[in-house]
$ cat my_file-v6.pdb   # PDB, C-alpha atoms, pLDDT in the B column
ATOM      1  CA  MET A 200     118.658 142.192  45.888  1.00 66.00           C
ATOM      2  CA  LYS A 201     118.601 139.737  43.002  1.00 69.00           C
ATOM      3  CA  GLU A 202     117.720 142.470  40.543  1.00 80.00           C
ATOM      4  CA  ALA A 203     120.648 144.577  41.781  1.00 80.00           C
ATOM      5  CA  ARG A 204     122.925 141.585  41.024  1.00 78.00           C
ATOM      6  CA  PHE A 205     125.024 141.830  44.139  1.00 78.00           C
ATOM      7  CA  ALA A 206     127.605 139.055  44.298  1.00 76.00           C
ATOM      8  CA  HIS A 207     126.813 138.580  48.000  1.00 78.00           C
ATOM      9  CA  HIS A 208     124.023 139.757  50.252  1.00 84.00           C
ATOM     10  CA  THR A 209     123.052 139.136  53.840  1.00 90.00           C
ATOM     11  CA  PHE A 210     120.358 140.543  56.093  1.00 92.00           C
ATOM     12  CA  VAL A 211     121.425 141.472  59.627  1.00 94.00           C
ATOM     13  CA  ILE A 212     118.500 141.540  62.056  1.00 94.00           C
ATOM     14  CA  ALA A 213     118.513 143.776  65.110  1.00 95.00           C
ATOM     15  CA  PRO A 214     116.937 142.342  68.280  1.00 94.00           C
ATOM     16  CA  PHE A 215     114.917 143.955  71.019  1.00 94.00           C
ATOM     17  CA  PHE A 216     117.772 145.985  72.480  1.00 95.00           C
ATOM     18  CA  TYR A 217     118.700 145.586  76.141  1.00 97.00           C
ATOM     19  CA  GLN A 218     119.104 149.361  76.095  1.00 96.00           C
ATOM     20  CA  ASN A 219     115.325 149.723  75.593  1.00 94.00           C
ATOM     21  CA  LEU A 220     114.971 148.805  79.266  1.00 95.00           C
ATOM     22  CA  LEU A 221     117.000 151.901  80.202  1.00 94.00           C
ATOM     23  CA  GLY A 222     115.254 154.220  77.739  1.00 90.00           C
ATOM     24  CA  VAL A 223     111.847 154.008  76.105  1.00 84.00           C
ATOM     25  CA  MET A 224     110.823 150.971  78.143  1.00 90.00           C
ATOM     26  CA  ALA A 225     112.526 151.851  81.440  1.00 93.00           C
ATOM     27  CA  PRO A 226     110.778 150.860  84.663  1.00 94.00           C
ATOM     28  CA  GLN A 227     108.204 153.403  85.819  1.00 93.00           C
ATOM     29  CA  LYS A 228     106.682 154.191  89.179  1.00 93.00           C
ATOM     30  CA  GLN A 229     103.526 152.077  89.472  1.00 90.00           C
ATOM     31  CA  ALA A 230     100.236 152.907  91.217  1.00 88.00           C
ATOM     32  CA  ASP A 231     101.383 151.008  94.321  1.00 90.00           C
ATOM     33  CA  GLY A 232     104.611 153.030  94.470  1.00 91.00           C
ATOM     34  CA  ALA A 233     106.833 150.189  93.267  1.00 90.00           C
ATOM     35  CA  MET A 234     109.107 150.590  90.268  1.00 94.00           C
ATOM     36  CA  GLY A 235     108.425 148.260  87.378  1.00 95.00           C
ATOM     37  CA  TRP A 236     106.497 147.649  84.224  1.00 95.00           C
ATOM     38  CA  ALA A 237     102.807 147.522  83.314  1.00 94.00           C
ATOM     39  CA  LEU A 238     102.571 146.054  79.826  1.00 95.00           C
ATOM     40  CA  PRO A 239     100.078 144.164  77.666  1.00 96.00           C
ATOM     41  CA  LEU A 240     102.282 141.070  77.650  1.00 95.00           C
ATOM     42  CA  ASP A 241     102.066 137.694  79.347  1.00 96.00           C
ATOM     43  CA  PRO A 242     105.181 137.877  81.543  1.00 96.00           C
ATOM     44  CA  GLN A 243     105.501 134.081  81.644  1.00 96.00           C
ATOM     45  CA  LYS A 244     105.871 133.605  77.888  1.00 95.00           C
ATOM     46  CA  ARG A 245     109.421 133.468  76.561  1.00 94.00           C
ATOM     47  CA  VAL A 246     109.022 135.629  73.460  1.00 94.00           C
ATOM     48  CA  ILE A 247     111.705 138.347  73.472  1.00 93.00           C
ATOM     49  CA  HIS A 248     114.934 137.831  71.504  1.00 95.00           C
ATOM     50  CA  MET A 249     117.230 140.429  73.067  1.00 96.00           C
ATOM     51  CA  GLY A 250     120.722 141.769  72.581  1.00 97.00           C
ATOM     52  CA  ASP A 251     123.163 144.630  73.110  1.00 98.00           C
ATOM     53  CA  ILE A 252     122.925 147.185  70.288  1.00 96.00           C
ATOM     54  CA  THR A 253     126.689 147.768  70.486  1.00 96.00           C
ATOM     55  CA  GLU A 254     127.316 144.182  69.345  1.00 97.00           C
ATOM     56  CA  LEU A 255     125.384 144.376  66.074  1.00 96.00           C
ATOM     57  CA  GLY A 256     128.513 145.487  64.226  1.00 96.00           C
ATOM     58  CA  HIS A 257     130.274 142.172  64.907  1.00 97.00           C
ATOM     59  CA  ILE A 258     127.790 140.419  62.645  1.00 97.00           C
ATOM     60  CA  VAL A 259     128.044 143.111  59.974  1.00 95.00           C
ATOM     61  CA  VAL A 260     131.862 142.966  59.952  1.00 96.00           C
ATOM     62  CA  GLY A 261     131.789 139.169  59.861  1.00 95.00           C
ATOM     63  CA  ALA A 262     129.383 139.185  56.921  1.00 93.00           C
ATOM     64  CA  PHE A 263     131.669 141.540  54.964  1.00 91.00           C
ATOM     65  CA  THR A 264     134.918 139.748  55.809  1.00 93.00           C
ATOM     66  CA  GLN A 265     133.590 136.194  55.438  1.00 91.00           C
ATOM     67  CA  PRO A 266     130.956 136.364  52.708  1.00 88.00           C
ATOM     68  CA  GLU A 267     131.287 132.647  52.076  1.00 89.00           C
ATOM     69  CA  LEU A 268     129.552 131.967  55.422  1.00 91.00           C
ATOM     70  CA  ALA A 269     126.361 133.822  54.573  1.00 89.00           C
ATOM     71  CA  GLU A 270     126.236 135.209  51.069  1.00 83.00           C
ATOM     72  CA  HIS A 271     122.920 134.105  49.649  1.00 85.00           C
ATOM     73  CA  GLY A 272     120.403 136.225  51.515  1.00 85.00           C
ATOM     74  CA  GLU A 273     120.712 134.572  54.924  1.00 89.00           C
ATOM     75  CA  HIS A 274     119.136 136.353  57.881  1.00 93.00           C
ATOM     76  CA  LEU A 275     121.595 136.885  60.735  1.00 95.00           C
ATOM     77  CA  PRO A 276     119.957 137.967  64.001  1.00 96.00           C
ATOM     78  CA  LEU A 277     121.848 139.312  66.996  1.00 97.00           C
ATOM     79  CA  VAL A 278     120.526 137.436  70.038  1.00 97.00           C
ATOM     80  CA  GLY A 279     122.218 137.542  73.417  1.00 97.00           C
ATOM     81  CA  ASP A 280     119.226 136.060  75.213  1.00 97.00           C
ATOM     82  CA  PHE A 281     115.694 134.778  74.625  1.00 95.00           C
ATOM     83  CA  LEU A 282     113.629 135.637  77.686  1.00 95.00           C
ATOM     84  CA  SER A 283     110.215 136.133  79.207  1.00 96.00           C
ATOM     85  CA  PHE A 284     109.563 139.387  81.053  1.00 95.00           C
ATOM     86  CA  ASN A 285     109.442 137.414  84.308  1.00 97.00           C
ATOM     87  CA  GLU A 286     112.986 136.220  83.536  1.00 97.00           C
ATOM     88  CA  VAL A 287     114.095 139.795  82.824  1.00 97.00           C
ATOM     89  CA  ILE A 288     112.695 140.961  86.164  1.00 97.00           C
ATOM     90  CA  ALA A 289     114.064 137.955  88.072  1.00 97.00           C
ATOM     91  CA  THR A 290     117.524 138.643  86.641  1.00 97.00           C
ATOM     92  CA  LEU A 291     117.366 142.301  87.637  1.00 97.00           C
ATOM     93  CA  ASN A 292     115.964 141.540  91.088  1.00 97.00           C
ATOM     94  CA  ARG A 293     118.744 138.992  91.759  1.00 97.00           C
ATOM     95  CA  GLN A 294     121.138 141.859  91.100  1.00 96.00           C
ATOM     96  CA  GLY A 295     119.568 143.986  93.837  1.00 95.00           C
ATOM     97  CA  HIS A 296     116.641 145.707  92.133  1.00 95.00           C
ATOM     98  CA  LYS A 297     113.063 145.496  93.399  1.00 94.00           C
ATOM     99  CA  PHE A 298     111.073 145.635  90.186  1.00 96.00           C
ATOM    100  CA  SER A 299     107.523 144.429  89.645  1.00 95.00           C
ATOM    101  CA  PHE A 300     105.364 143.594  86.650  1.00 95.00           C
ATOM    102  CA  ARG A 301     101.647 143.935  86.005  1.00 94.00           C
ATOM    103  CA  GLN A 302      99.976 142.661  82.862  1.00 96.00           C
ATOM    104  CA  VAL A 303      97.394 145.132  81.571  1.00 95.00           C
ATOM    105  CA  PRO A 304      94.838 144.818  78.764  1.00 95.00           C
ATOM    106  CA  LYS A 305      96.068 145.953  75.362  1.00 93.00           C
ATOM    107  CA  GLU A 306      93.134 148.364  74.993  1.00 93.00           C
ATOM    108  CA  LEU A 307      93.940 150.105  78.294  1.00 93.00           C
ATOM    109  CA  PHE A 308      97.664 150.361  77.530  1.00 93.00           C
ATOM    110  CA  ALA A 309      96.973 151.755  74.029  1.00 92.00           C
ATOM    111  CA  GLY A 310      95.683 155.036  75.499  1.00 92.00           C
ATOM    112  CA  TRP A 311      98.496 155.739  77.961  1.00 90.00           C
ATOM    113  CA  PHE A 312     100.835 157.763  75.711  1.00 91.00           C
ATOM    114  CA  PRO A 313     101.355 158.679  72.066  1.00 92.00           C
ATOM    115  CA  GLY A 314     102.509 155.552  70.260  1.00 92.00           C
ATOM    116  CA  ALA A 315     101.278 153.185  72.990  1.00 92.00           C
ATOM    117  CA  LYS A 316      98.900 151.470  70.586  1.00 94.00           C
ATOM    118  CA  ASP A 317     101.865 150.611  68.342  1.00 94.00           C
ATOM    119  CA  VAL A 318     103.843 149.253  71.302  1.00 92.00           C
ATOM    120  CA  ALA A 319     100.836 147.147  72.311  1.00 94.00           C
ATOM    121  CA  GLU A 320     100.594 145.741  68.766  1.00 94.00           C
ATOM    122  CA  MET A 321     104.323 144.947  68.779  1.00 92.00           C
ATOM    123  CA  LEU A 322     104.053 143.088  72.092  1.00 93.00           C
ATOM    124  CA  ALA A 323     101.002 141.184  70.818  1.00 93.00           C
ATOM    125  CA  TYR A 324     103.074 140.136  67.799  1.00 92.00           C
ATOM    126  CA  PHE A 325     105.850 138.932  70.133  1.00 92.00           C
ATOM    127  CA  GLU A 326     103.335 136.825  72.072  1.00 93.00           C
ATOM    128  CA  THR A 327     101.990 135.236  68.913  1.00 92.00           C
ATOM    129  CA  HIS A 328     105.192 134.711  66.937  1.00 92.00           C
ATOM    130  CA  THR A 329     108.123 135.669  69.230  1.00 91.00           C
ATOM    131  CA  TYR A 330     110.417 138.494  68.190  1.00 89.00           C
ATOM    132  CA  LEU A 331     112.164 136.428  65.489  1.00 90.00           C
ATOM    133  CA  GLY A 332     109.638 133.709  64.791  1.00 83.00           C
ATOM    134  CA  ALA A 333     109.252 130.196  66.077  1.00 76.00           C
ATOM    135  CA  ASP A 334     112.344 128.549  64.624  1.00 85.00           C
ATOM    136  CA  SER A 335     115.297 130.895  64.652  1.00 91.00           C
ATOM    137  CA  ARG A 336     117.933 128.692  66.323  1.00 93.00           C
ATOM    138  CA  ASP A 337     119.854 127.929  63.140  1.00 94.00           C
ATOM    139  CA  ALA A 338     119.900 131.573  62.070  1.00 94.00           C
ATOM    140  CA  ILE A 339     121.123 132.628  65.533  1.00 96.00           C
ATOM    141  CA  ALA A 340     123.875 129.991  65.455  1.00 96.00           C
ATOM    142  CA  LEU A 341     124.977 131.128  61.993  1.00 96.00           C
ATOM    143  CA  ALA A 342     125.003 134.777  63.107  1.00 96.00           C
ATOM    144  CA  ASN A 343     127.242 133.864  66.052  1.00 97.00           C
ATOM    145  CA  THR A 344     129.580 131.969  63.721  1.00 97.00           C
ATOM    146  CA  VAL A 345     129.734 134.902  61.323  1.00 96.00           C
ATOM    147  CA  ALA A 346     130.354 137.300  64.241  1.00 97.00           C
ATOM    148  CA  GLY A 347     133.063 135.013  65.614  1.00 96.00           C
ATOM    149  CA  ARG A 348     131.695 135.329  69.130  1.00 96.00           C
ATOM    150  CA  GLN A 349     128.740 134.752  71.389  1.00 97.00           C
ATOM    151  CA  PRO A 350     126.731 137.893  72.196  1.00 98.00           C
ATOM    152  CA  THR A 351     126.555 139.112  75.775  1.00 98.00           C
ATOM    153  CA  LYS A 352     123.876 137.497  77.923  1.00 98.00           C
ATOM    154  CA  PHE A 353     121.315 139.764  79.589  1.00 98.00           C
ATOM    155  CA  ASP A 354     122.563 138.948  83.087  1.00 97.00           C
ATOM    156  CA  ALA A 355     126.094 140.177  82.288  1.00 97.00           C
ATOM    157  CA  TRP A 356     124.863 143.221  80.383  1.00 97.00           C
ATOM    158  CA  ALA A 357     122.457 144.220  83.170  1.00 97.00           C
ATOM    159  CA  ARG A 358     125.143 143.819  85.825  1.00 96.00           C
ATOM    160  CA  ALA A 359     127.362 146.259  83.913  1.00 96.00           C
ATOM    161  CA  ASN A 360     124.702 148.712  82.732  1.00 95.00           C
ATOM    162  CA  PHE A 361     121.618 148.646  84.966  1.00 89.00           C
ATOM    163  CA  ALA A 362     122.616 150.541  88.103  1.00 83.00           C
ATOM    164  CA  VAL A 363     120.963 149.542  91.363  1.00 76.00           C
ATOM    165  CA  SER A 364     119.453 152.590  93.031  1.00 68.00           C
ATOM    166  CA  ALA A 365     120.112 153.306  96.695  1.00 52.00           C
ATOM    167  CA  ALA A 366     116.359 152.929  97.330  1.00 50.00           C
ATOM    168  CA  ALA A 367     116.266 149.377  95.911  1.00 48.00           C
TER     169      ALA A 367
END

$ encode --input "my_file-v6.pdb" --output "C-alpha coordinates"
Amino acid sequence: MKEARFAHHTFVIAPFFYQNLLGVMAPQKQADGAMGWALPLDPQKRVIHMGDITELGHIVVGAFTQPELAEHGEHLPLVGDFLSFNEVIATLNRQGHKFSFRQVPKELFAGWFPGAKDVAEMLAYFETHTYLGADSRDAIALANTVAGRQPTKFDAWARANFAVSAAA
(Lines of atoms letter the chains of each structure in order from A and count residues from 1; the text may use other names and numbers.)
(Lines give C-alpha, C1' and ligand atoms only; values in the text may rest on other atoms or scores of the structure.)
Protein backbone atom coordinates (compact mmCIF):
# COMPACT_ATOMS: atom_id res chain seq x y z
CA MET A 1 0.00 0.00 0.00
CA LYS A 2 2.84 2.38 0.82
CA GLU A 3 4.55 1.65 -2.47
CA ALA A 4 1.32 2.40 -4.36
CA ARG A 5 1.27 5.81 -2.61
CA PHE A 6 -2.42 5.87 -1.85
CA ALA A 7 -3.40 8.99 0.06
CA HIS A 8 -5.61 6.87 2.33
CA HIS A 9 -5.93 3.15 2.94
CA THR A 10 -7.91 1.01 5.31
CA PHE A 11 -8.35 -2.73 5.70
CA VAL A 12 -11.91 -3.97 6.28
CA ILE A 13 -12.01 -7.38 7.96
CA ALA A 14 -14.89 -9.77 7.41
CA PRO A 15 -15.99 -11.83 10.43
CA PHE A 16 -17.25 -15.37 10.72
CA PHE A 17 -20.58 -14.74 9.02
CA TYR A 18 -23.82 -15.56 10.83
CA GLN A 19 -24.97 -16.88 7.46
CA ASN A 20 -22.40 -19.71 7.73
CA LEU A 21 -24.75 -21.29 10.27
CA LEU A 22 -27.45 -21.52 7.59
CA GLY A 23 -25.11 -22.73 4.84
CA VAL A 24 -21.77 -24.50 5.01
CA MET A 25 -21.94 -24.91 8.78
CA ALA A 26 -25.69 -25.52 9.16
CA PRO A 27 -26.83 -27.93 11.86
CA GLN A 28 -26.79 -31.56 10.74
CA LYS A 29 -28.62 -34.65 11.92
CA GLN A 30 -26.42 -36.28 14.56
CA ALA A 31 -25.97 -39.99 15.34
CA ASP A 32 -28.54 -39.73 18.15
CA GLY A 33 -31.10 -38.20 15.78
CA ALA A 34 -30.81 -34.69 17.20
CA MET A 35 -30.01 -31.71 15.00
CA GLY A 36 -26.82 -29.87 15.85
CA TRP A 37 -23.12 -29.62 15.35
CA ALA A 38 -20.17 -31.97 15.84
CA LEU A 39 -17.02 -29.89 15.58
CA PRO A 40 -13.41 -29.97 16.76
CA LEU A 41 -13.95 -26.91 18.95
CA ASP A 42 -14.27 -26.39 22.69
CA PRO A 43 -17.85 -25.10 22.86
CA GLN A 44 -17.18 -23.24 26.12
CA LYS A 45 -14.43 -21.00 24.74
CA ARG A 46 -15.53 -17.59 23.49
CA VAL A 47 -13.47 -17.40 20.30
CA ILE A 48 -15.78 -16.53 17.38
CA HIS A 49 -16.10 -12.90 16.23
CA MET A 50 -19.31 -13.00 14.20
CA GLY A 51 -21.38 -10.68 12.07
CA ASP A 52 -23.97 -10.30 9.32
CA ILE A 53 -22.32 -10.28 5.87
CA THR A 54 -24.88 -7.73 4.65
CA GLU A 55 -23.50 -5.15 7.09
CA LEU A 56 -19.90 -5.20 5.85
CA GLY A 57 -20.66 -2.42 3.38
CA HIS A 58 -21.41 0.07 6.17
CA ILE A 59 -17.76 -0.02 7.19
CA VAL A 60 -16.56 0.25 3.60
CA VAL A 61 -18.81 3.26 2.89
CA GLY A 62 -17.75 4.90 6.14
CA ALA A 63 -14.07 4.42 5.31
CA PHE A 64 -14.55 6.06 1.89
CA THR A 65 -16.70 8.95 3.13
CA GLN A 66 -14.73 9.65 6.31
CA PRO A 67 -11.12 8.82 5.49
CA GLU A 68 -9.91 11.00 8.34
CA LEU A 69 -11.24 8.40 10.83
CA ALA A 70 -9.13 5.53 9.53
CA GLU A 71 -6.75 6.46 6.76
CA HIS A 72 -3.40 5.06 7.78
CA GLY A 73 -3.83 1.33 7.34
CA GLU A 74 -6.19 0.70 10.25
CA HIS A 75 -7.93 -2.67 10.40
CA LEU A 76 -11.70 -2.34 10.71
CA PRO A 77 -13.47 -5.60 11.61
CA LEU A 78 -17.21 -6.13 11.41
CA VAL A 79 -18.25 -7.75 14.70
CA GLY A 80 -21.86 -8.07 15.78
CA ASP A 81 -21.05 -10.56 18.52
CA PHE A 82 -18.16 -12.44 20.12
CA LEU A 83 -19.45 -15.83 21.22
CA SER A 84 -18.68 -19.38 22.22
CA PHE A 85 -20.50 -22.17 20.39
CA ASN A 86 -22.40 -22.91 23.60
CA GLU A 87 -23.65 -19.31 23.52
CA VAL A 88 -24.67 -19.69 19.87
CA ILE A 89 -26.65 -22.83 20.68
CA ALA A 90 -28.17 -21.35 23.85
CA THR A 91 -29.34 -18.33 21.86
CA LEU A 92 -30.92 -20.51 19.19
CA ASN A 93 -32.50 -22.86 21.72
CA ARG A 94 -34.05 -19.93 23.63
CA GLN A 95 -35.70 -19.03 20.33
CA GLY A 96 -37.36 -22.45 20.08
CA HIS A 97 -34.74 -24.65 18.45
CA LYS A 98 -33.49 -27.90 19.98
CA PHE A 99 -29.89 -28.00 18.82
CA SER A 100 -27.04 -29.95 20.38
CA PHE A 101 -23.26 -29.84 20.21
CA ARG A 102 -20.62 -32.55 20.42
CA GLN A 103 -16.92 -31.81 20.45
CA VAL A 104 -15.00 -34.28 18.28
CA PRO A 105 -11.25 -34.80 17.83
CA LYS A 106 -9.70 -32.76 15.03
CA GLU A 107 -8.25 -35.90 13.41
CA LEU A 108 -11.68 -37.58 13.24
CA PHE A 109 -13.40 -34.47 11.87
CA ALA A 110 -10.68 -33.98 9.22
CA GLY A 111 -11.83 -37.09 7.33
CA TRP A 112 -15.57 -36.39 7.24
CA PHE A 113 -15.78 -34.42 3.96
CA PRO A 114 -13.55 -32.72 1.40
CA GLY A 115 -12.10 -29.63 3.03
CA ALA A 116 -12.84 -30.81 6.58
CA LYS A 117 -9.15 -30.77 7.48
CA ASP A 118 -9.02 -27.07 6.56
CA VAL A 119 -12.12 -26.33 8.66
CA ALA A 120 -10.55 -28.19 11.58
CA GLU A 121 -7.36 -26.11 11.24
CA MET A 122 -9.42 -22.90 11.13
CA LEU A 123 -11.31 -23.84 14.30
CA ALA A 124 -8.03 -24.76 16.02
CA TYR A 125 -6.72 -21.30 15.11
CA PHE A 126 -9.87 -19.73 16.61
CA GLU A 127 -9.30 -21.65 19.86
CA THR A 128 -5.69 -20.51 20.08
CA HIS A 129 -5.99 -16.90 18.94
CA THR A 130 -9.73 -16.13 18.53
CA TYR A 131 -11.03 -15.12 15.12
CA LEU A 132 -9.52 -11.61 15.30
CA GLY A 133 -6.79 -12.04 17.88
CA ALA A 134 -6.66 -11.40 21.58
CA ASP A 135 -7.00 -7.63 21.68
CA SER A 136 -9.39 -6.39 19.03
CA ARG A 137 -11.69 -4.18 21.12
CA ASP A 138 -10.25 -0.89 19.92
CA ALA A 139 -10.37 -1.95 16.27
CA ILE A 140 -14.00 -3.08 16.67
CA ALA A 141 -14.94 0.22 18.33
CA LEU A 142 -13.26 2.19 15.53
CA ALA A 143 -15.03 0.09 12.88
CA ASN A 144 -18.38 0.84 14.53
CA THR A 145 -17.55 4.55 14.60
CA VAL A 146 -16.55 4.51 10.94
CA ALA A 147 -19.74 2.57 10.06
CA GLY A 148 -21.84 5.02 12.08
CA ARG A 149 -23.76 2.19 13.70
CA GLN A 150 -23.55 -0.89 15.86
CA PRO A 151 -23.74 -4.18 13.95
CA THR A 152 -26.65 -6.52 14.56
CA LYS A 153 -26.27 -8.87 17.52
CA PHE A 154 -26.56 -12.61 16.87
CA ASP A 155 -29.76 -12.93 18.90
CA ALA A 156 -31.58 -10.38 16.71
CA TRP A 157 -30.16 -11.77 13.48
CA ALA A 158 -31.07 -15.35 14.40
CA ARG A 159 -34.60 -14.35 15.38
CA ALA A 160 -35.10 -12.82 11.92
CA ASN A 161 -33.21 -15.39 9.84
CA PHE A 162 -33.03 -18.77 11.58
CA ALA A 163 -36.49 -20.29 11.15
CA VAL A 164 -37.71 -22.65 13.85
CA SER A 165 -38.83 -25.92 12.31
CA ALA A 166 -42.19 -27.44 13.21
CA ALA A 167 -40.31 -30.45 14.64
CA ALA A 168 -38.30 -28.31 17.08

$ closest_residue --input "my_file-v6.pdb" --among "A:Thr344, A:Thr209, A:Asn360, A:Ser335" --to "His271 of chain A" --atoms "all atoms listed in the file"
A:Thr209

$ resolve_selection --input "my_file-v6.pdb" --expression "the PyMOL selection byres ((chain A and resi 269) around 9)" --output "PyMOL selection string"
chain A and resi 207-209+262+265-268+270-275+341-342+345

$ residues_around --input "my_file-v6.pdb" --residues "Pro242 of chain A" --least-positions-apart "4" --cutoff "7 Å" --atoms "all atoms listed in the file" --output "ChimeraX atom specification"
/A:283-285

$ residues_around --input "my_file-v6.pdb" --residues "Lys316 of chain A" --least-positions-apart "4" --cutoff "8 Å" --atoms "all atoms listed in the file" --output "list in words"
Lys305, Glu306, Phe308, Ala309, Gly310 and Glu320 of chain A

$ resolve_selection --input "my_file-v6.pdb" --expression "the PyMOL selection byres ((chain A and resi 251) around 8)" --output "count of residues only"
13

$ closest_residue --input "my_file-v6.pdb" --among "A:Asp280, A:Asp231, A:Asp337, A:Asp241" --to "Ala357 of chain A" --atoms "all atoms listed in the file"
A:Asp280

$ closest_residue --input "my_file-v6.pdb" --among "A:Lys297, A:Val363, A:Val246, A:Gly256" --to "Arg348 of chain A" --atoms "only C-alpha atoms"
A:Gly256

$ residues_around --input "my_file-v6.pdb" --residues "Thr290 of chain A" --least-positions-apart "6" --cutoff "10 Å" --atoms "all atoms listed in the file" --output "PyMOL selection string"
chain A and resi 284+296+353-355+357-358

$ write_last_selection --input "my_file-v6.pdb" --atoms "C-alpha atoms" --output "tab-separated table (two decimals), in the coordinates of the input"
chain	number	residue	atom	x	y	z
A	284	PHE	CA	109.56	139.39	81.05
A	296	HIS	CA	116.64	145.71	92.13
A	353	PHE	CA	121.32	139.76	79.59
A	354	ASP	CA	122.56	138.95	83.09
A	355	ALA	CA	126.09	140.18	82.29
A	357	ALA	CA	122.46	144.22	83.17
A	358	ARG	CA	125.14	143.82	85.82
